[in-house]
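Raw my_file-v4.txt, compact mmCIF, C-alpha atoms and all ligand atoms:
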```txt
# COMPACT_ATOMS: atom_id res chain seq x y z
CA MET A 1 113.11 105.44 98.70
CA ARG A 2 115.02 104.07 101.66
CA LEU A 3 113.59 103.64 105.12
CA THR A 4 115.97 103.07 108.03
CA PRO A 5 114.98 102.37 111.63
CA LEU A 6 117.81 103.69 113.82
CA PRO A 7 117.80 101.91 117.20
CA ALA A 8 117.84 104.24 120.22
CA PHE A 9 117.67 103.66 123.97
CA SER A 10 116.57 100.10 124.77
CA ASP A 11 113.81 99.60 122.20
CA ASN A 12 113.02 102.86 120.35
CA TYR A 13 113.34 103.42 116.64
CA ILE A 14 114.16 106.79 115.09
CA TRP A 15 113.12 106.63 111.44
CA LEU A 16 115.24 108.00 108.62
CA LEU A 17 113.56 108.37 105.25
CA ASP A 18 115.73 109.02 102.19
CA GLU A 19 114.98 109.71 98.57
CA ASP A 20 117.68 110.98 96.21
CA ASP A 21 119.37 113.66 98.31
CA ALA A 22 116.34 114.34 100.52
CA ARG A 23 116.22 113.04 104.09
CA LEU A 24 113.61 113.16 106.85
CA VAL A 25 114.04 112.28 110.52
CA VAL A 26 111.05 111.04 112.50
CA ASP A 27 110.86 111.06 116.32
CA PRO A 28 114.53 111.66 117.22
CA GLY A 29 114.43 110.87 120.93
CA ASP A 30 118.22 110.91 120.91
CA ALA A 31 120.37 113.05 118.61
CA ALA A 32 123.43 110.81 118.70
CA PRO A 33 122.30 108.04 116.31
CA VAL A 34 120.98 110.66 113.85
CA LEU A 35 124.18 112.70 113.95
CA ALA A 36 126.23 109.52 113.50
CA ALA A 37 124.16 108.38 110.50
CA CYS A 38 124.32 111.81 108.85
CA GLU A 39 128.04 112.06 109.53
CA ALA A 40 128.59 108.61 108.05
CA ASP A 41 126.97 109.34 104.69
CA GLY A 42 127.44 113.11 104.54
CA ARG A 43 123.72 113.83 104.21
CA ALA A 44 121.66 116.34 106.19
CA PRO A 45 117.95 116.21 106.98
CA LEU A 46 115.40 118.47 105.29
CA ALA A 47 113.07 118.36 108.29
CA ILE A 48 112.06 116.58 111.47
CA LEU A 49 108.62 115.04 112.07
CA LEU A 50 107.38 114.46 115.62
CA THR A 51 104.40 112.31 116.62
CA HIS A 52 104.04 113.10 120.34
CA HIS A 53 105.64 114.86 123.26
CA HIS A 54 107.33 111.97 125.08
CA ASP A 55 111.01 112.55 125.65
CA ASP A 56 112.07 109.30 123.98
CA HIS A 57 110.57 110.74 120.76
CA VAL A 58 111.58 114.41 120.96
CA GLY A 59 114.60 114.55 123.29
CA GLY A 60 117.14 114.85 120.46
CA VAL A 61 115.52 117.88 118.81
CA PRO A 62 117.54 120.62 120.59
CA ALA A 63 120.87 119.02 119.65
CA LEU A 64 119.74 118.51 116.03
CA LEU A 65 118.66 122.17 115.83
CA ALA A 66 122.03 123.17 117.25
CA ARG A 67 123.70 121.16 114.47
CA TRP A 68 121.32 122.38 111.72
CA PRO A 69 119.90 125.79 112.79
CA GLY A 70 116.54 126.53 111.20
CA LEU A 71 115.78 122.90 110.38
CA PRO A 72 111.96 122.76 110.10
CA VAL A 73 110.25 120.73 112.83
CA TYR A 74 106.69 119.50 112.22
CA GLY A 75 104.77 118.24 115.23
CA PRO A 76 101.66 118.55 117.37
CA ALA A 77 100.65 121.97 118.63
CA ASP A 78 101.50 121.09 122.23
CA PRO A 79 103.42 123.42 124.57
CA ARG A 80 105.15 120.38 126.04
CA ILE A 81 107.24 120.05 122.85
CA ALA A 82 110.08 122.53 122.38
CA GLY A 83 111.33 123.39 118.91
CA VAL A 84 108.21 122.79 116.79
CA ASP A 85 108.11 125.67 114.30
CA HIS A 86 105.49 124.00 112.06
CA PRO A 87 102.63 122.94 114.37
CA VAL A 88 100.25 120.63 112.51
CA GLY A 89 96.96 118.96 113.29
CA ASP A 90 94.25 116.74 111.90
CA GLY A 91 93.57 117.30 108.21
CA ASP A 92 96.74 119.25 107.55
CA ARG A 93 98.89 118.24 104.59
CA VAL A 94 102.66 118.50 104.92
CA GLY A 95 104.88 118.77 101.84
CA ILE A 96 108.62 118.25 102.31
CA GLY A 97 110.94 117.55 99.39
CA PRO A 98 109.45 114.69 97.37
CA TRP A 99 107.02 113.68 100.13
CA ARG A 100 103.43 114.58 100.98
CA PHE A 101 101.91 113.50 104.26
CA ASP A 102 98.40 113.79 105.62
CA VAL A 103 98.29 114.52 109.35
CA LEU A 104 95.89 112.43 111.40
CA ALA A 105 94.98 113.18 115.01
CA VAL A 106 95.35 109.87 116.86
CA PRO A 107 94.69 110.56 120.55
CA GLY A 108 94.90 107.76 123.09
CA HIS A 109 98.53 107.24 124.10
CA THR A 110 98.68 111.02 124.59
CA VAL A 111 95.98 113.62 123.92
CA SER A 112 97.93 115.46 121.21
CA HIS A 113 99.44 112.45 119.42
CA ILE A 114 99.46 112.72 115.62
CA ALA A 115 100.42 110.37 112.79
CA PHE A 116 101.82 111.14 109.34
CA HIS A 117 100.48 109.17 106.38
CA GLY A 118 101.70 109.48 102.81
CA SER A 119 103.88 107.97 100.08
CA GLY A 120 102.73 104.52 101.26
CA LEU A 121 104.13 105.13 104.73
CA LEU A 122 102.60 105.61 108.16
CA PHE A 123 104.61 107.14 110.99
CA CYS A 124 102.41 106.39 113.97
CA GLY A 125 104.68 106.83 117.01
CA ASP A 126 103.27 104.97 119.99
CA THR A 127 99.69 104.59 118.73
CA LEU A 128 99.91 101.39 116.69
CA PHE A 129 102.64 98.80 117.22
CA SER A 130 103.14 95.53 115.43
CA LEU A 131 100.64 93.18 117.14
CA GLY A 132 99.87 95.80 119.79
CA CYS A 133 98.98 99.39 120.56
CA GLY A 134 100.24 102.12 122.88
CA ARG A 135 99.34 102.41 126.51
CA LEU A 136 96.56 104.84 127.40
CA PHE A 137 98.53 107.43 129.33
CA GLU A 138 96.26 110.40 128.59
CA GLY A 139 93.40 109.35 126.34
CA THR A 140 90.37 107.15 126.87
CA PRO A 141 89.69 103.73 125.36
CA ARG A 142 87.17 105.46 123.09
CA ASP A 143 89.87 107.87 121.88
CA MET A 144 92.37 105.10 121.18
CA LEU A 145 89.88 102.80 119.47
CA GLY A 146 88.79 105.70 117.25
CA SER A 147 92.44 106.37 116.38
CA LEU A 148 93.14 102.71 115.60
CA ASP A 149 89.96 102.53 113.49
CA ARG A 150 91.27 105.41 111.37
CA LEU A 151 94.70 103.83 110.94
CA ALA A 152 93.20 100.43 110.18
CA ALA A 153 91.25 101.96 107.28
CA LEU A 154 94.45 102.91 105.40
CA PRO A 155 95.56 100.74 102.45
CA ALA A 156 96.75 97.21 103.27
CA GLN A 157 100.22 97.70 101.75
CA THR A 158 100.94 100.80 103.91
CA LEU A 159 104.30 100.41 105.65
CA VAL A 160 103.73 100.95 109.36
CA CYS A 161 106.69 102.65 111.04
CA CYS A 162 106.20 102.38 114.80
CA GLY A 163 108.17 103.93 117.63
CA HIS A 164 109.28 100.77 119.44
CA GLU A 165 110.51 97.22 118.89
CA TYR A 166 107.79 95.56 120.95
CA THR A 167 106.74 92.87 118.47
CA LEU A 168 107.84 89.73 120.34
CA ALA A 169 106.26 90.76 123.65
CA ASN A 170 103.11 91.83 121.82
CA ALA A 171 103.05 88.52 119.94
CA ALA A 172 103.21 86.53 123.19
CA PHE A 173 100.11 88.33 124.46
CA ALA A 174 98.32 88.23 121.11
CA ARG A 175 98.75 84.43 120.92
CA VAL A 176 97.00 84.08 124.30
CA VAL A 177 94.09 86.22 123.09
CA ASP A 178 93.81 84.74 119.58
CA PRO A 179 95.57 81.33 119.67
CA ASP A 180 93.90 79.86 116.59
CA ASN A 181 94.83 82.68 114.18
CA PRO A 182 97.28 81.28 111.60
CA ALA A 183 98.27 84.75 110.31
CA LEU A 184 99.25 85.73 113.84
CA ARG A 185 101.26 82.54 114.32
CA ARG A 186 103.13 83.19 111.04
CA ARG A 187 103.84 86.79 112.00
CA GLN A 188 105.19 85.65 115.40
CA GLU A 189 107.46 83.06 113.75
CA GLU A 190 108.70 85.64 111.25
CA ALA A 191 109.38 88.17 114.02
CA ILE A 192 111.28 85.62 116.14
CA ALA A 193 113.46 84.73 113.13
CA MET A 194 114.16 88.42 112.44
CA ARG A 195 115.13 89.18 116.03
CA ASP A 196 117.33 86.05 116.10
CA ARG A 197 119.23 87.59 113.19
CA GLY A 198 119.41 90.97 114.93
CA LEU A 199 117.00 92.59 112.45
CA PRO A 200 114.16 95.01 113.19
CA THR A 201 110.66 93.52 112.84
CA LEU A 202 109.55 96.87 111.41
CA PRO A 203 108.16 98.29 109.29
CA THR A 204 105.16 96.00 109.27
CA THR A 205 102.24 96.36 106.86
CA LEU A 206 98.75 97.45 107.74
CA GLY A 207 97.38 94.32 106.05
CA SER A 208 99.51 92.12 108.30
CA GLU A 209 98.36 94.04 111.36
CA ARG A 210 94.70 93.77 110.38
CA ASP A 211 95.21 90.00 110.13
CA GLY A 212 97.13 89.52 113.37
CA ASN A 213 96.93 92.47 115.76
CA PRO A 214 94.20 91.81 118.37
CA PHE A 215 93.75 95.55 118.99
CA LEU A 216 92.64 95.93 115.34
CA ARG A 217 90.45 92.82 115.62
CA ILE A 218 88.11 93.80 118.43
CA ASP A 219 85.14 93.02 116.17
CA VAL A 220 86.35 89.48 115.44
CA PRO A 221 84.23 86.97 117.43
CA ALA A 222 87.23 84.96 118.67
CA VAL A 223 88.90 88.09 120.09
CA ARG A 224 85.66 89.33 121.63
CA ALA A 225 85.07 85.90 123.21
CA ALA A 226 88.58 85.85 124.67
CA VAL A 227 88.06 89.27 126.26
CA ALA A 228 84.67 88.16 127.61
CA ALA A 229 86.23 85.05 129.16
CA HIS A 230 88.96 87.16 130.78
CA ALA A 231 86.71 90.01 131.94
CA PRO A 232 83.09 88.84 132.02
CA GLY A 233 80.53 91.44 131.07
CA ALA A 234 82.91 93.54 129.00
CA ALA A 235 82.27 92.03 125.61
CA ASP A 236 78.92 93.40 124.51
CA ASP A 237 80.13 96.92 123.85
CA ARG A 238 83.05 97.32 121.48
CA ILE A 239 84.65 100.19 123.41
CA GLU A 240 84.34 98.24 126.67
CA ALA A 241 85.78 95.18 124.94
CA PHE A 242 88.71 97.23 123.69
CA ALA A 243 89.21 98.71 127.18
CA GLY A 244 89.16 95.20 128.63
CA LEU A 245 91.71 93.98 126.11
CA ARG A 246 94.03 96.94 126.85
CA ARG A 247 93.73 96.38 130.64
CA TRP A 248 94.43 92.67 130.13
CA LYS A 249 97.62 93.53 128.23
CA ASP A 250 98.64 96.06 130.93
CA GLY A 251 98.67 93.26 133.49
CA PHE A 252 100.08 90.55 131.21
CA ARG A 253 103.47 88.99 131.86
CA ALA A 254 104.65 86.38 129.37
ZN ZN A 301 105.17 107.60 123.97
```
Since I need it in another form, could you write the structure as structure tokens?
Ligand SMILES: [Zn+2]
Amino acid sequence: MRLTPLPAFSDNYIWLLDEDDARLVVDPGDAAPVLAACEADGRAPLAILLTHHHDDHVGGVPALLARWPGLPVYGPADPRIAGVDHPVGDGDRVGIGPWRFDVLAVPGHTVSHIAFHGSGLLFCGDTLFSLGCGRLFEGTPRDMLGSLDRLAALPAQTLVCCGHEYTLANAAFARVVDPDNPALRRRQEEAIAMRDRGLPTLPTTLGSERDGNPFLRIDVPAVRAAVAAHAPGAADDRIEAFAGLRRWKDGFRA
């Protein structure tokens, strides 16, 4: 199995997954990098997976369908996404080539956001990032926390394939929230070294995120205390604490 994050726009990743002669494309916001990669190695995708309707995740679909007519497109049942001929939702199981994925509804960033989990991989779009989580454009804090709780319960070795290279900015905020967490400090140092060498910091592992990502650590006393100090009164309730942490990040500038 080979997993390739194709950079797109300023900080997106389009994921290519290969096994033998099978290939999947996940969240092609732009067709050009996908067409270039497929041209370069003479391989064509078996299908496209989409996590949510934002243009930087789906914008390349029409051009890819023009290149490969009839290519199956799996995504949320959401009229805002053109080209989905296999709408899927929570509890569905998708089988493509050698892969099997469970579909999880993960509302929060958008209301119809889904994630694909299987073969040790998690394609989670803009729900979970390394050391962060997506902004709440359409869902509530309760929605997003419920989604992150579900993702956090997956096996520790799961490779987390996120939609953006946000790790360094997320690390700067996470260190303010949780400064005495050695796992977080190590992850930040590792990410800085990777970016210095021009490498993606992704995929990450779910175990690493459980150890370092403050949005998965809302029940850890140090994280709860930091939120309470920043927004007094918010810490008693875990959803309020999560909401306070997300608002704090929204206003944070490193
Ligand atoms: Zn998005």
* To do: Find, counting all atoms listed in the file, the residue in A:Ala254, A:Ile114, A:Ala44, A:Ala229 that gets nearest to ligand ZN 301 (chain A).
  => A:Ile114
* Nearby residues, ligand ZN 301 (chain A), 8 Å, all atoms listed in the file, as JSON, numbers by chain -> {"A": [52, 53, 54, 55, 56, 57, 109, 110, 125, 126, 134, 163]}
Generate the output file for the selected residues, C-alpha atoms, as a PDB file, in the frame of the given file.
```pdb
ATOM      1  CA  HIS A  52     104.040 113.100 120.340  1.00  0.00           C
ATOM      2  CA  HIS A  53     105.640 114.860 123.260  1.00  0.00           C
ATOM      3  CA  HIS A  54     107.330 111.970 125.080  1.00  0.00           C
ATOM      4  CA  ASP A  55     111.010 112.550 125.650  1.00  0.00           C
ATOM      5  CA  ASP A  56     112.070 109.300 123.980  1.00  0.00           C
ATOM      6  CA  HIS A  57     110.570 110.740 120.760  1.00  0.00           C
ATOM      7  CA  HIS A 109      98.530 107.240 124.100  1.00  0.00           C
ATOM      8  CA  THR A 110      98.680 111.020 124.590  1.00  0.00           C
ATOM      9  CA  GLY A 125     104.680 106.830 117.010  1.00  0.00           C
ATOM     10  CA  ASP A 126     103.270 104.970 119.990  1.00  0.00           C
ATOM     11  CA  GLY A 134     100.240 102.120 122.880  1.00  0.00           C
ATOM     12  CA  GLY A 163     108.170 103.930 117.630  1.00  0.00           C
TER      13      GLY A 163
END
```
* To do: Find the residues with any atom within 9 Å of (98.9, 107.8, 128.9); use all atoms listed in the file and the coordinates as given in the file, and write the answer as a VMD selection string.
  => chain A and resid 108 to 111 134 to 140
* To do: Between CA of Phe215 (chain A) and CA of Leu131 (chain A), measure the distance and give it in Å to one decimal.
  =>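 For CA of Phe215 (chain A) relative to CA of Leu131 (chain A), the distance reads 7.5 Å.
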* Shortest interatomic distance to Gly244 (chain A) - which of A:Pro232, A:Pro98, A:Gly89, A:Gly146, counting all atoms listed in the file -> A:Pro232
* To do: With a distance cut-off of 12 Å and only C-alpha atoms, select the neighbouring residues of Pro200 (chain A), excluding the residue or stretch itself and same-chain residues fewer than 3 positions from it, and output the selection as a PyMOL selection string.
  => chain A and resi 3-7+11-15+130+161-168+190-197+203-204
Which protein, DNA or RNA residues have an atom at most 10 Å from (97.6, 92.3, 105.5), counting all atoms listed in the file? List them as a PDB file with C-alpha atoms, keeping the file's coordinate frame.
```pdb
ATOM      1  CA  PRO A 155      95.560 100.740 102.450  1.00  0.00           C
ATOM      2  CA  ALA A 156      96.750  97.210 103.270  1.00  0.00           C
ATOM      3  CA  GLN A 157     100.220  97.700 101.750  1.00  0.00           C
ATOM      4  CA  THR A 158     100.940 100.800 103.910  1.00  0.00           C
ATOM      5  CA  ALA A 183      98.270  84.750 110.310  1.00  0.00           C
ATOM      6  CA  THR A 204     105.160  96.000 109.270  1.00  0.00           C
ATOM      7  CA  THR A 205     102.240  96.360 106.860  1.00  0.00           C
ATOM      8  CA  LEU A 206      98.750  97.450 107.740  1.00  0.00           C
ATOM      9  CA  GLY A 207      97.380  94.320 106.050  1.00  0.00           C
ATOM     10  CA  SER A 208      99.510  92.120 108.300  1.00  0.00           C
ATOM     11  CA  GLU A 209      98.360  94.040 111.360  1.00  0.00           C
ATOM     12  CA  ARG A 210      94.700  93.770 110.380  1.00  0.00           C
ATOM     13  CA  ASP A 211      95.210  90.000 110.130  1.00  0.00           C
ATOM     14  CA  GLY A 212      97.130  89.520 113.370  1.00  0.00           C
TER      15      GLY A 212
END
```
* Asked: Can you list, as a list in words, every protein, DNA or RNA residue that comes within 7 Å of Val88 (chain A) when you count only C-alpha atoms, leaving out same-chain residues fewer than 4 positions away?
  ->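 Close residues of Val88 (chain A): Tyr74, Gly75, Pro76, Ala77 and Asp92 of chain A.
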* Asked: So what do you get for CA of Leu50 (chain A) versus CA of Cys133 (chain A), distance-wise?
  ->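 Atom-to-atom, CA of Leu50 (chain A) to CA of Cys133 (chain A), that is 17.9 Å.
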Pull out region 191-213 of chain A, keep N, CA, C and O atoms, and write it as a PDB file, in the first residue's frame.
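The result, stored in out15.pdb:
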```pdb
ATOM      1  N   ALA A 191       7.499  17.848  13.650  1.00  0.00           N
ATOM      2  CA  ALA A 191       6.808  18.529  12.542  1.00  0.00           C
ATOM      3  C   ALA A 191       7.667  19.658  11.980  1.00  0.00           C
ATOM      4  O   ALA A 191       7.744  19.854  10.758  1.00  0.00           O
ATOM      5  N   ILE A 192       8.335  20.408  12.860  1.00  0.00           N
ATOM      6  CA  ILE A 192       9.221  21.483  12.393  1.00  0.00           C
ATOM      7  C   ILE A 192      10.331  20.895  11.525  1.00  0.00           C
ATOM      8  O   ILE A 192      10.638  21.414  10.444  1.00  0.00           O
ATOM      9  N   ALA A 193      10.912  19.788  11.980  1.00  0.00           N
ATOM     10  CA  ALA A 193      12.006  19.162  11.209  1.00  0.00           C
ATOM     11  C   ALA A 193      11.496  18.678   9.853  1.00  0.00           C
ATOM     12  O   ALA A 193      12.183  18.823   8.831  1.00  0.00           O
ATOM     13  N   MET A 194      10.287  18.133   9.818  1.00  0.00           N
ATOM     14  CA  MET A 194       9.736  17.654   8.536  1.00  0.00           C
ATOM     15  C   MET A 194       9.488  18.806   7.584  1.00  0.00           C
ATOM     16  O   MET A 194       9.826  18.738   6.397  1.00  0.00           O
ATOM     17  N   ARG A 195       8.905  19.887   8.083  1.00  0.00           N
ATOM     18  CA  ARG A 195       8.622  21.032   7.204  1.00  0.00           C
ATOM     19  C   ARG A 195       9.923  21.681   6.733  1.00  0.00           C
ATOM     20  O   ARG A 195       9.994  22.157   5.594  1.00  0.00           O
ATOM     21  N   ASP A 196      10.947  21.695   7.607  1.00  0.00           N
ATOM     22  CA  ASP A 196      12.257  22.237   7.202  1.00  0.00           C
ATOM     23  C   ASP A 196      12.825  21.463   6.015  1.00  0.00           C
ATOM     24  O   ASP A 196      13.555  22.011   5.203  1.00  0.00           O
ATOM     25  N   ARG A 197      12.499  20.166   5.953  1.00  0.00           N
ATOM     26  CA  ARG A 197      12.984  19.338   4.848  1.00  0.00           C
ATOM     27  C   ARG A 197      11.979  19.293   3.693  1.00  0.00           C
ATOM     28  O   ARG A 197      12.154  18.519   2.747  1.00  0.00           O
ATOM     29  N   GLY A 198      10.924  20.099   3.781  1.00  0.00           N
ATOM     30  CA  GLY A 198       9.937  20.158   2.708  1.00  0.00           C
ATOM     31  C   GLY A 198       8.997  18.968   2.661  1.00  0.00           C
ATOM     32  O   GLY A 198       8.358  18.719   1.650  1.00  0.00           O
ATOM     33  N   LEU A 199       8.917  18.224   3.778  1.00  0.00           N
ATOM     34  CA  LEU A 199       8.075  17.019   3.811  1.00  0.00           C
ATOM     35  C   LEU A 199       6.721  17.317   4.446  1.00  0.00           C
ATOM     36  O   LEU A 199       6.615  18.190   5.312  1.00  0.00           O
ATOM     37  N   PRO A 200       5.684  16.568   4.038  1.00  0.00           N
ATOM     38  CA  PRO A 200       4.396  16.683   4.728  1.00  0.00           C
ATOM     39  C   PRO A 200       4.512  16.152   6.157  1.00  0.00           C
ATOM     40  O   PRO A 200       5.299  15.227   6.408  1.00  0.00           O
ATOM     41  N   THR A 201       3.745  16.735   7.073  1.00  0.00           N
ATOM     42  CA  THR A 201       3.715  16.210   8.453  1.00  0.00           C
ATOM     43  C   THR A 201       2.653  15.125   8.591  1.00  0.00           C
ATOM     44  O   THR A 201       2.412  14.638   9.691  1.00  0.00           O
ATOM     45  N   LEU A 202       2.004  14.789   7.485  1.00  0.00           N
ATOM     46  CA  LEU A 202       0.918  13.817   7.479  1.00  0.00           C
ATOM     47  C   LEU A 202       1.283  12.622   6.602  1.00  0.00           C
ATOM     48  O   LEU A 202       2.102  12.787   5.683  1.00  0.00           O
ATOM     49  N   PRO A 203       0.679  11.455   6.829  1.00  0.00           N
ATOM     50  CA  PRO A 203      -0.332  11.219   7.861  1.00  0.00           C
ATOM     51  C   PRO A 203       0.280  11.222   9.261  1.00  0.00           C
ATOM     52  O   PRO A 203       1.473  10.981   9.435  1.00  0.00           O
ATOM     53  N   THR A 204      -0.574  11.508  10.229  1.00  0.00           N
ATOM     54  CA  THR A 204      -0.218  11.352  11.627  1.00  0.00           C
ATOM     55  C   THR A 204      -0.884  10.056  12.106  1.00  0.00           C
ATOM     56  O   THR A 204      -1.555   9.384  11.320  1.00  0.00           O
ATOM     57  N   THR A 205      -0.678   9.684  13.355  1.00  0.00           N
ATOM     58  CA  THR A 205      -1.408   8.528  13.877  1.00  0.00           C
ATOM     59  C   THR A 205      -2.412   8.993  14.930  1.00  0.00           C
ATOM     60  O   THR A 205      -2.209  10.014  15.582  1.00  0.00           O
ATOM     61  N   LEU A 206      -3.450   8.212  15.081  1.00  0.00           N
ATOM     62  CA  LEU A 206      -4.451   8.565  16.080  1.00  0.00           C
ATOM     63  C   LEU A 206      -3.858   8.535  17.485  1.00  0.00           C
ATOM     64  O   LEU A 206      -4.190   9.368  18.326  1.00  0.00           O
ATOM     65  N   GLY A 207      -2.934   7.610  17.729  1.00  0.00           N
ATOM     66  CA  GLY A 207      -2.290   7.559  19.043  1.00  0.00           C
ATOM     67  C   GLY A 207      -1.534   8.846  19.333  1.00  0.00           C
ATOM     68  O   GLY A 207      -1.623   9.405  20.436  1.00  0.00           O
ATOM     69  N   SER A 208      -0.797   9.334  18.344  1.00  0.00           N
ATOM     70  CA  SER A 208      -0.057  10.583  18.502  1.00  0.00           C
ATOM     71  C   SER A 208      -1.009  11.741  18.758  1.00  0.00           C
ATOM     72  O   SER A 208      -0.747  12.615  19.599  1.00  0.00           O
ATOM     73  N   GLU A 209      -2.125  11.757  18.057  1.00  0.00           N
ATOM     74  CA  GLU A 209      -3.097  12.838  18.258  1.00  0.00           C
ATOM     75  C   GLU A 209      -3.752  12.758  19.630  1.00  0.00           C
ATOM     76  O   GLU A 209      -3.968  13.781  20.281  1.00  0.00           O
ATOM     77  N   ARG A 210      -4.055  11.546  20.086  1.00  0.00           N
ATOM     78  CA  ARG A 210      -4.636  11.436  21.434  1.00  0.00           C
ATOM     79  C   ARG A 210      -3.663  11.958  22.488  1.00  0.00           C
ATOM     80  O   ARG A 210      -4.070  12.504  23.505  1.00  0.00           O
ATOM     81  N   ASP A 211      -2.353  11.796  22.217  1.00  0.00           N
ATOM     82  CA  ASP A 211      -1.349  12.247  23.184  1.00  0.00           C
ATOM     83  C   ASP A 211      -1.099  13.756  23.120  1.00  0.00           C
ATOM     84  O   ASP A 211      -0.664  14.351  24.109  1.00  0.00           O
ATOM     85  N   GLY A 212      -1.300  14.361  21.941  1.00  0.00           N
ATOM     86  CA  GLY A 212      -0.866  15.746  21.800  1.00  0.00           C
ATOM     87  C   GLY A 212      -1.925  16.749  21.396  1.00  0.00           C
ATOM     88  O   GLY A 212      -1.742  17.951  21.610  1.00  0.00           O
ATOM     89  N   ASN A 213      -2.996  16.313  20.773  1.00  0.00           N
ATOM     90  CA  ASN A 213      -3.975  17.239  20.199  1.00  0.00           C
ATOM     91  C   ASN A 213      -4.936  17.740  21.289  1.00  0.00           C
ATOM     92  O   ASN A 213      -5.727  16.961  21.824  1.00  0.00           O
TER      93      ASN A 213
END
```
